[in-house]
file query-v5.csv (CSV, C-alpha atoms)
chain,number,residue,atom,x,y,z
A,8,MET,CA,101.0,37.1,32.3
A,9,PRO,CA,103.3,34.1,31.6
A,10,ARG,CA,102.8,32.2,28.4
A,11,LEU,CA,101.7,28.6,28.7
A,12,SER,CA,104.3,26.4,27.0
A,13,ARG,CA,102.8,23.9,24.6
A,14,LYS,CA,103.5,20.3,25.5
A,15,SER,CA,105.8,18.8,22.9
A,16,SER,CA,104.7,15.9,20.9
A,17,PRO,CA,106.3,12.5,21.7
A,18,PRO,CA,109.0,11.6,19.2
A,19,ALA,CA,108.2,9.0,16.5
A,20,ALA,CA,109.2,5.6,17.6
A,21,CYS,CA,108.0,2.1,16.7
A,22,PRO,CA,108.2,-0.7,19.2
A,23,GLN,CA,111.6,-1.7,17.9
A,24,CYS,CA,113.4,1.6,18.1
A,25,SER,CA,111.7,2.6,21.3
A,26,GLY,CA,113.2,-0.4,23.1
A,27,LYS,CA,109.9,-2.2,23.6
A,28,LYS,CA,111.0,-4.9,21.1
A,29,TYR,CA,107.5,-6.2,20.5
A,30,ILE,CA,107.3,-9.0,18.0
A,31,SER,CA,103.6,-8.2,17.3
A,32,PHE,CA,101.0,-5.9,18.7
A,33,ASN,CA,97.4,-4.8,18.3
A,34,TRP,CA,97.5,-2.1,15.7
A,35,ALA,CA,93.8,-1.2,16.1
A,36,ARG,CA,94.5,-0.3,19.7
A,37,PHE,CA,97.6,1.8,19.0
A,38,GLN,CA,96.0,3.5,16.0
A,39,HIS,CA,93.2,4.9,18.1
A,40,GLY,CA,95.0,5.4,21.4
A,41,HIS,CA,95.7,8.8,23.0
A,42,ASP,CA,98.5,7.8,25.4
A,43,ALA,CA,102.1,8.8,24.7
A,44,GLU,CA,103.2,5.4,23.4
A,45,SER,CA,100.3,5.1,21.0
A,46,LYS,CA,101.1,8.6,19.6
A,47,GLN,CA,104.7,7.6,19.1
A,48,VAL,CA,103.7,4.5,17.1
A,49,GLN,CA,101.2,6.5,15.1
A,50,ARG,CA,103.8,9.0,14.1
A,51,ALA,CA,106.5,6.4,13.3
A,52,LEU,CA,104.7,3.7,11.3
A,53,LYS,CA,103.6,4.6,7.7
A,54,ILE,CA,102.3,2.5,4.9
A,55,GLU,CA,105.1,1.5,2.6
A,56,ARG,CA,103.2,-0.6,0.1
A,57,GLN,CA,100.2,-2.8,-0.3
A,58,LEU,CA,100.9,-6.6,-0.5
A,59,LYS,CA,98.7,-9.3,-2.1
A,60,HIS,CA,97.1,-9.7,1.4
A,61,GLY,CA,97.6,-6.8,3.8
A,62,TRP,CA,100.2,-4.0,3.9
A,63,GLU,CA,103.8,-3.4,4.7
A,64,TYR,CA,104.7,-0.6,7.0
A,65,ALA,CA,108.0,1.1,7.7
A,66,CYS,CA,109.2,3.1,10.7
A,67,GLU,CA,110.2,6.6,9.7
A,68,ASN,CA,112.7,6.7,12.6
A,69,CYS,CA,114.6,3.4,12.4
A,70,GLY,CA,113.5,1.9,9.1
A,71,SER,CA,112.2,-1.4,10.5
A,72,ARG,CA,109.5,-3.2,8.5
A,73,TRP,CA,106.1,-4.4,9.8
A,74,TYR,CA,103.3,-6.4,8.3
A,75,LEU,CA,99.6,-5.7,8.9
A,76,GLY,CA,97.2,-8.4,7.9
A,77,ARG,CA,94.1,-7.7,5.8
A,78,ASP,CA,91.9,-7.7,8.9
A,79,GLY,CA,93.8,-4.6,10.1
A,80,ILE,CA,94.3,-5.9,13.6
A,81,MET,CA,97.7,-7.4,14.3
A,82,MET,CA,100.9,-5.8,13.3
A,83,SER,CA,103.9,-8.1,13.1
A,84,TYR,CA,107.6,-7.2,13.0
A,85,ILE,CA,109.4,-8.4,9.8
A,86,HIS,CA,112.8,-9.5,11.0
A,87,PRO,CA,115.5,-8.8,8.4
A,88,SER,CA,116.1,-12.5,8.1
A,89,LYS,CA,112.5,-13.0,7.0
A,90,ALA,CA,112.4,-10.2,4.5
A,91,GLY,CA,113.1,-12.7,1.7
A,92,LEU,CA,110.2,-14.8,2.7
A,93,VAL,CA,107.8,-11.8,2.5
A,94,GLU,CA,109.2,-11.0,-1.0
A,95,HIS,CA,108.8,-14.6,-2.2
A,96,TRP,CA,105.3,-14.9,-0.7
A,97,ASN,CA,104.1,-11.6,-2.2
A,98,ALA,CA,105.6,-12.1,-5.7
A,99,GLY,CA,103.8,-15.3,-6.5
A,100,THR,CA,100.5,-17.1,-6.6
A,101,TYR,CA,100.7,-20.3,-4.8
A,102,GLU,CA,97.7,-22.6,-5.6
A,103,VAL,CA,97.4,-26.4,-5.6
A,104,SER,CA,96.0,-28.4,-8.5
A,105,ASP,CA,92.5,-29.9,-8.2
A,106,GLU,CA,94.1,-33.4,-7.9
A,107,ILE,CA,96.3,-32.3,-5.0
A,108,TRP,CA,93.4,-30.5,-3.4
A,109,ASP,CA,91.3,-33.6,-3.6
A,110,GLU,CA,94.0,-35.7,-1.9
A,111,LEU,CA,94.5,-33.1,0.8
A,112,GLY,CA,90.7,-33.2,1.5
A,113,LYS,CA,90.9,-36.9,2.2
A,114,ILE,CA,93.6,-36.3,4.9
A,115,GLY,CA,92.1,-33.2,6.5
A,116,ALA,CA,93.6,-30.1,8.0
A,117,THR,CA,94.4,-28.8,11.4
A,118,ALA,CA,93.8,-25.1,12.2
A,119,GLN,CA,95.9,-22.4,13.8
A,120,GLY,CA,93.8,-20.1,15.9
A,121,SER,CA,93.9,-16.3,15.7
A,122,ILE,CA,94.2,-14.0,18.6
A,123,ALA,CA,91.3,-12.0,17.1
A,124,GLY,CA,89.2,-15.2,16.7
A,125,GLY,CA,88.7,-17.3,13.7
A,126,ARG,CA,91.3,-19.3,11.8
A,127,THR,CA,94.4,-18.0,10.1
A,128,SER,CA,95.8,-21.2,8.6
A,129,ALA,CA,95.0,-24.7,7.5
A,130,GLU,CA,97.8,-27.3,7.6
A,131,VAL,CA,97.5,-30.7,6.1
A,132,PRO,CA,100.1,-33.3,7.1
A,133,CYS,CA,101.2,-35.6,4.3
A,134,ARG,CA,104.0,-37.1,2.2
A,135,VAL,CA,105.1,-34.7,-0.5
A,136,THR,CA,106.9,-35.4,-3.7
A,137,THR,CA,108.4,-32.3,-5.3
A,138,VAL,CA,108.8,-31.4,-8.9
A,139,ARG,CA,112.5,-32.2,-8.5
A,140,GLY,CA,111.7,-35.8,-7.4
A,141,GLU,CA,112.4,-35.2,-3.7
A,142,THR,CA,110.2,-37.1,-1.2
A,143,PHE,CA,109.4,-35.9,2.3
A,144,ASP,CA,107.5,-38.3,4.6
A,145,MET,CA,106.7,-35.6,7.1
A,146,ALA,CA,105.5,-32.4,5.4
A,147,TYR,CA,102.6,-29.9,5.5
A,148,VAL,CA,100.8,-28.1,2.8
A,149,SER,CA,100.1,-24.9,4.8
A,150,PHE,CA,97.4,-22.6,3.5
A,151,GLN,CA,98.0,-19.2,5.0
A,152,SER,CA,96.4,-15.7,4.7
A,153,ARG,CA,99.7,-14.1,5.9
A,154,PRO,CA,103.4,-14.4,5.0
A,155,PRO,CA,105.2,-17.1,7.1
A,156,ILE,CA,106.9,-14.7,9.5
A,157,ASP,CA,105.0,-15.0,12.8
A,158,LEU,CA,106.6,-16.1,16.0
A,159,TRP,CA,104.8,-19.5,16.0
A,160,GLN,CA,106.5,-20.3,12.7
A,161,ASP,CA,110.1,-19.6,13.9
A,162,GLY,CA,112.4,-22.5,13.3
A,163,ARG,CA,110.2,-24.0,10.5
A,164,ARG,CA,111.7,-25.2,7.3
A,165,ILE,CA,109.7,-23.3,4.7
A,166,ARG,CA,109.2,-23.7,1.0
A,167,PHE,CA,106.3,-22.9,-1.3
A,168,CYS,CA,103.7,-25.1,-2.9
A,169,ASP,CA,104.7,-24.4,-6.5
A,170,GLU,CA,107.4,-27.1,-5.7
A,171,VAL,CA,104.8,-29.7,-4.9
A,172,ALA,CA,104.2,-32.4,-7.6
A,173,SER,CA,102.0,-34.8,-5.6
A,174,VAL,CA,100.8,-35.6,-2.1
A,175,GLU,CA,99.6,-38.8,-0.4
A,176,PRO,CA,98.9,-40.0,3.2
A,177,SER,CA,102.1,-40.4,5.2
A,178,PRO,CA,102.6,-43.5,7.5
A,179,TYR,CA,103.9,-41.0,10.1
A,180,THR,CA,100.6,-39.0,10.2
A,181,LEU,CA,98.5,-39.8,13.2
A,182,PRO,CA,94.9,-41.0,12.7
A,183,ALA,CA,92.3,-38.2,12.2
A,184,ASP,CA,90.6,-38.8,15.6
A,185,VAL,CA,94.0,-38.6,17.4
A,186,ARG,CA,95.0,-35.4,15.7
A,187,LEU,CA,91.7,-33.8,16.5
A,188,ALA,CA,91.9,-34.9,20.2
A,189,THR,CA,95.4,-33.4,20.5
A,190,SER,CA,94.2,-30.1,19.1
A,191,ARG,CA,91.5,-30.1,21.8
A,192,ALA,CA,93.7,-31.2,24.7
A,193,GLN,CA,93.2,-29.3,27.9
A,194,GLU,CA,96.2,-27.8,29.8
A,195,ILE,CA,96.3,-29.6,33.1
A,196,ARG,CA,99.4,-27.6,34.3
A,197,MET,CA,101.5,-24.9,32.7
A,198,GLY,CA,102.7,-26.0,29.2
A,199,TYR,CA,101.3,-29.5,29.6
A,200,ALA,CA,98.2,-30.6,27.7
A,201,PRO,CA,98.6,-34.4,27.2
A,202,THR,CA,96.7,-36.9,25.0
A,203,ALA,CA,97.2,-40.6,25.6
A,204,VAL,CA,97.8,-43.0,22.7
A,205,GLN,CA,98.6,-46.7,22.5
A,206,ALA,CA,100.4,-48.8,19.9
A,207,HIS,CA,99.2,-52.2,18.7
A,208,ASP,CA,101.6,-54.0,21.1
A,209,GLY,CA,100.3,-52.0,24.1
A,210,HIS,CA,103.1,-49.5,24.3
A,211,LEU,CA,101.8,-46.2,25.8
A,212,PHE,CA,102.7,-42.7,24.7
A,213,GLN,CA,101.6,-39.2,25.6
A,214,LEU,CA,101.5,-36.4,23.1
A,215,ASN,CA,101.8,-32.8,24.4
A,216,TRP,CA,99.5,-30.2,22.8
A,217,ALA,CA,98.5,-30.5,19.1
A,218,ASN,CA,100.3,-33.2,17.1
A,219,ASP,CA,99.9,-34.4,13.5
A,220,PHE,CA,103.0,-36.6,13.1
A,221,PHE,CA,104.6,-39.3,15.2
A,222,ALA,CA,107.9,-41.2,15.0
A,223,SER,CA,109.6,-43.0,17.9
A,224,GLY,CA,111.7,-46.1,17.4
A,225,PRO,CA,109.7,-48.7,15.4
A,226,TYR,CA,106.4,-46.8,15.9
A,227,LYS,CA,104.8,-44.5,13.3
A,228,GLY,CA,101.8,-42.3,13.5
A,229,GLU,CA,99.5,-44.8,11.8
A,230,ASP,CA,100.3,-47.4,14.5
A,231,LEU,CA,98.6,-45.4,17.3
A,232,ARG,CA,95.1,-45.2,18.7
A,233,LEU,CA,93.5,-43.1,21.5
A,234,THR,CA,93.4,-44.6,24.9
A,235,ASP,CA,92.5,-43.5,28.5
A,236,LEU,CA,95.1,-43.5,31.2
A,237,ALA,CA,92.7,-42.2,33.9
A,238,GLY,CA,95.1,-39.5,34.8
A,239,ASP,CA,98.1,-41.8,35.4
A,240,TRP,CA,100.4,-40.1,32.9
A,241,ASP,CA,103.6,-41.6,34.3
A,242,GLN,CA,102.9,-44.9,32.7
A,243,ALA,CA,103.2,-43.4,29.2
A,244,ASP,CA,106.4,-42.2,27.4
A,245,MET,CA,106.4,-38.6,26.2
A,246,ALA,CA,107.2,-38.4,22.5
A,247,GLY,CA,106.8,-36.2,19.5
A,248,VAL,CA,108.5,-35.0,16.3
A,249,PRO,CA,110.7,-31.9,16.5
A,250,SER,CA,109.8,-29.2,14.0
A,251,GLU,CA,113.1,-29.4,12.3
A,252,TYR,CA,112.2,-32.8,10.9
A,253,ILE,CA,109.1,-31.3,9.2
A,254,LEU,CA,108.9,-29.3,6.0
A,255,TYR,CA,106.2,-26.7,5.3
A,256,PHE,CA,105.0,-25.9,1.8
A,257,VAL,CA,103.1,-22.6,1.9
A,258,ALA,CA,100.0,-22.1,-0.2
A,259,ASP,CA,97.6,-19.2,-0.6
A,260,TRP,CA,94.5,-18.9,1.5
A,261,ARG,CA,91.3,-20.2,-0.2
A,262,ALA,CA,87.7,-19.2,0.4
A,263,ASP,CA,86.6,-22.9,0.6
A,264,LEU,CA,89.1,-24.0,3.2
A,265,ASP,CA,86.4,-24.6,5.8
A,266,SER,CA,85.6,-28.0,4.1
A,267,LEU,CA,89.2,-29.1,4.7
A,268,TYR,CA,89.2,-28.9,8.5
A,269,LEU,CA,89.0,-32.2,10.5
A,270,ASP,CA,86.1,-30.8,12.5
A,271,ALA,CA,84.1,-29.6,9.5
A,272,ALA,CA,80.6,-31.1,9.5
A,273,GLY,CA,80.2,-33.2,6.4
A,274,GLY,CA,83.8,-32.8,5.3
A,275,ARG,CA,85.6,-35.8,3.8
A,276,ALA,CA,88.2,-35.9,6.6
A,277,SER,CA,85.4,-35.9,9.2
A,278,GLU,CA,84.3,-39.3,7.9
A,279,GLN,CA,87.6,-40.8,9.0
A,280,ILE,CA,86.9,-39.6,12.6
A,281,SER,CA,83.4,-41.1,12.7
A,282,ALA,CA,84.6,-44.3,11.2
A,283,VAL,CA,87.3,-45.0,13.9
A,284,PRO,CA,84.9,-45.7,16.8
A,285,GLU,CA,82.8,-47.9,14.5
A,286,GLU,CA,85.8,-50.0,13.6
A,287,ASP,CA,86.7,-50.4,17.2
A,288,GLU,CA,83.1,-51.3,18.1
A,289,ASN,CA,83.1,-53.9,15.3
A,290,ARG,CA,86.4,-55.2,16.5
A,291,ASP,CA,85.1,-55.5,20.1
A,292,ALA,CA,81.9,-57.2,18.8
A,293,SER,CA,83.9,-59.6,16.8
A,294,ALA,CA,86.1,-60.4,19.8
A,295,GLU,CA,82.9,-61.1,21.8
A,296,ASP,CA,81.6,-63.4,19.1
A,297,GLU,CA,84.9,-65.3,19.0
A,298,SER,CA,84.8,-65.5,22.8
A,299,GLY,CA,81.3,-66.8,22.8
A,300,ARG,CA,82.1,-69.4,20.2
A,301,LEU,CA,85.2,-70.4,22.2
A,302,GLU,CA,83.2,-70.8,25.5
A,303,GLN,CA,80.6,-72.8,23.6
A,304,ALA,CA,83.2,-75.1,22.2
A,305,GLU,CA,84.9,-75.6,25.5
A,306,GLY,CA,81.5,-76.4,27.1
A,307,THR,CA,80.9,-79.0,24.4
A,308,GLU,CA,84.2,-80.6,25.1
A,309,GLU,CA,83.4,-80.7,28.9
A,310,ARG,CA,80.0,-82.4,28.2
A,311,ASP,CA,81.7,-85.0,26.1

call {"tool": "encode", "arguments": {"input": "query-v5.csv", "output": "structure tokens"}}
result
Amino acid sequence: MPRLSRKSSPPAACPQCSGKKYISFNWARFQHGHDAESKQVQRALKIERQLKHGWEYACENCGSRWYLGRDGIMMSYIHPSKAGLVEHWNAGTYEVSDEIWDELGKIGATAQGSIAGGRTSAEVPCRVTTVRGETFDMAYVSFQSRPPIDLWQDGRRIRFCDEVASVEPSPYTLPADVRLATSRAQEIRMGYAPTAVQAHDGHLFQLNWANDFFASGPYKGEDLRLTDLAGDWDQADMAGVPSEYILYFVADWRADLDSLYLDAAGGRASEQISAVPEEDENRDASAEDESGRLEQAEGTEERD
């Protein structure tokens, strides 16, 4: 009777050396998968060391490095050019002073969503002065639970918050209600999720996807207000700030970050949002009062 040959195990191979070239993948799925590719990855990736948040893995076959967040879900490839960022992030504790935290709370943070749900970062746009006396008008203090290596952070100019001496509102930062509106903008065609804004002189702009800063000619973020174009987007100029003009100062994740988000109920930044319509309403009411007084004065002149 012929012997049944045992099926050979698939060779160890991570998504880099197997040719898949994934930037990130769902480790939870691969870890419990029974298909050939899952078994290859299981055999290849082994824990190299624990980091301050999460773990670093290495491929036994090609030596490539991978980062697994503390939630144990997403595995991200550590490109060799980003290895220094991981070392810097892991080696230090990056916390802001109470004074800086208080100022950041007045400005409010925008959130970066997670594939698995929830929030993975809180970024506050501001003007930063560093301990060396440098001033950056367009900068973020970026609270993160992961090292700054993910694809959405490619091209960013990254430093760490131990260099920050003080923060203050930047004239290039958009008003809180505009920032929140851009973060909630709906995609009306592929890659296009516009928000309409208007300058004091009536100039119209459209912002694509989430925006925190604005600079175009003489116009700065603080000059803009939300407006409604009723779908006629052609009348507004497309504008925004390229990422290379913005500096990111990475800070460690905090348990109390929820209070920092613009949409946090009762948060200090949320007060800015609720105040904007009230100001507009008062402005409109004041204009109506002025108009009424003008009409009355004109009527008096006619009667004379």

call {"tool": "closest_residue", "arguments": {"input": "query-v5.csv", "among": "A:Gly228, A:Gly91, A:Gly198, A:Gly112", "to": "Arg186 in chain A", "atoms": "only C-alpha atoms"}}
result
A:Gly228

call {"tool": "closest_residue", "arguments": {"input": "query-v5.csv", "among": "A:Leu75, A:Ala203, A:Ala188, A:Val135", "to": "Arg166 in chain A", "atoms": "all atoms listed in the file"}}
result
A:Val135

call {"tool": "closest_residue", "arguments": {"input": "query-v5.csv", "among": "A:Tyr29, A:Phe150, A:Trp159, A:Trp34", "to": "Trp108 in chain A", "atoms": "all atoms listed in the file"}}
result
A:Phe150

call {"tool": "closest_residue", "arguments": {"input": "query-v5.csv", "among": "A:Ala183, A:Leu264, A:Ile165, A:Val148", "to": "Leu233 in chain A", "atoms": "all atoms listed in the file"}}
result
A:Ala183

call {"tool": "closest_residue", "arguments": {"input": "query-v5.csv", "among": "A:Lys89, A:Lys53, A:His60, A:Arg77", "to": "Ile156 in chain A", "atoms": "all atoms listed in the file"}}
result
A:Lys89

call {"tool": "atom_distance", "arguments": {"input": "query-v5.csv", "atom1": "CA of Cys66 in chain A", "atom2": "CA of Gln49 in chain A"}}
result
9.7 Å

call {"tool": "residues_near_point", "arguments": {"input": "query-v5.csv", "point": "(97.3, -49.5, 21.8)", "cutoff": "8 Å", "atoms": "all atoms listed in the file", "output": "VMD selection string"}}
result
chain A and resid 204 to 211 231 to 234

call {"tool": "atom_distance", "arguments": {"input": "query-v5.csv", "atom1": "CA of Ala146 in chain A", "atom2": "CA of Tyr252 in chain A"}}
result
8.7 Å

call {"tool": "atom_distance", "arguments": {"input": "query-v5.csv", "atom1": "CA of Leu181 in chain A", "atom2": "CA of Arg139 in chain A"}}
result
26.9 Å

call {"tool": "closest_residue", "arguments": {"input": "query-v5.csv", "among": "A:Ala35, A:Val93, A:Ala65, A:Cys21", "to": "Gln47 in chain A", "atoms": "only C-alpha atoms"}}
result
A:Cys21

call {"tool": "residues_around", "arguments": {"input": "query-v5.csv", "residues": "Thr117 in chain A", "least_positions_apart": "4", "cutoff": "9 Å", "atoms": "all atoms listed in the file", "output": "list in words"}}
result
Ser128, Ala129, Glu130, Val131, Pro132, Arg186, Leu187, Ser190, Ala217, Asp219, Leu267, Tyr268, Leu269 and Asp270 of chain A

call {"tool": "residues_near_point", "arguments": {"input": "query-v5.csv", "point": "(112.3, 9.9, 21.0)", "cutoff": "12 Å", "atoms": "all atoms listed in the file", "output": "list in words"}}
result
Ser15, Ser16, Pro17, Pro18, Ala19, Ala20, Cys21, Pro22, Cys24, Ser25, Gly26, Ala43, Glu44, Lys46, Gln47, Val48, Arg50, Ala51, Glu67, Asn68 and Cys69 of chain A

call {"tool": "residues_around", "arguments": {"input": "query-v5.csv", "residues": "Pro155 in chain A", "least_positions_apart": "4", "cutoff": "12 Å", "atoms": "only C-alpha atoms", "output": "number ranges by chain"}}
result
A: 74, 76, 83-86, 88-97, 127-128, 149-151, 159-167, 255-259
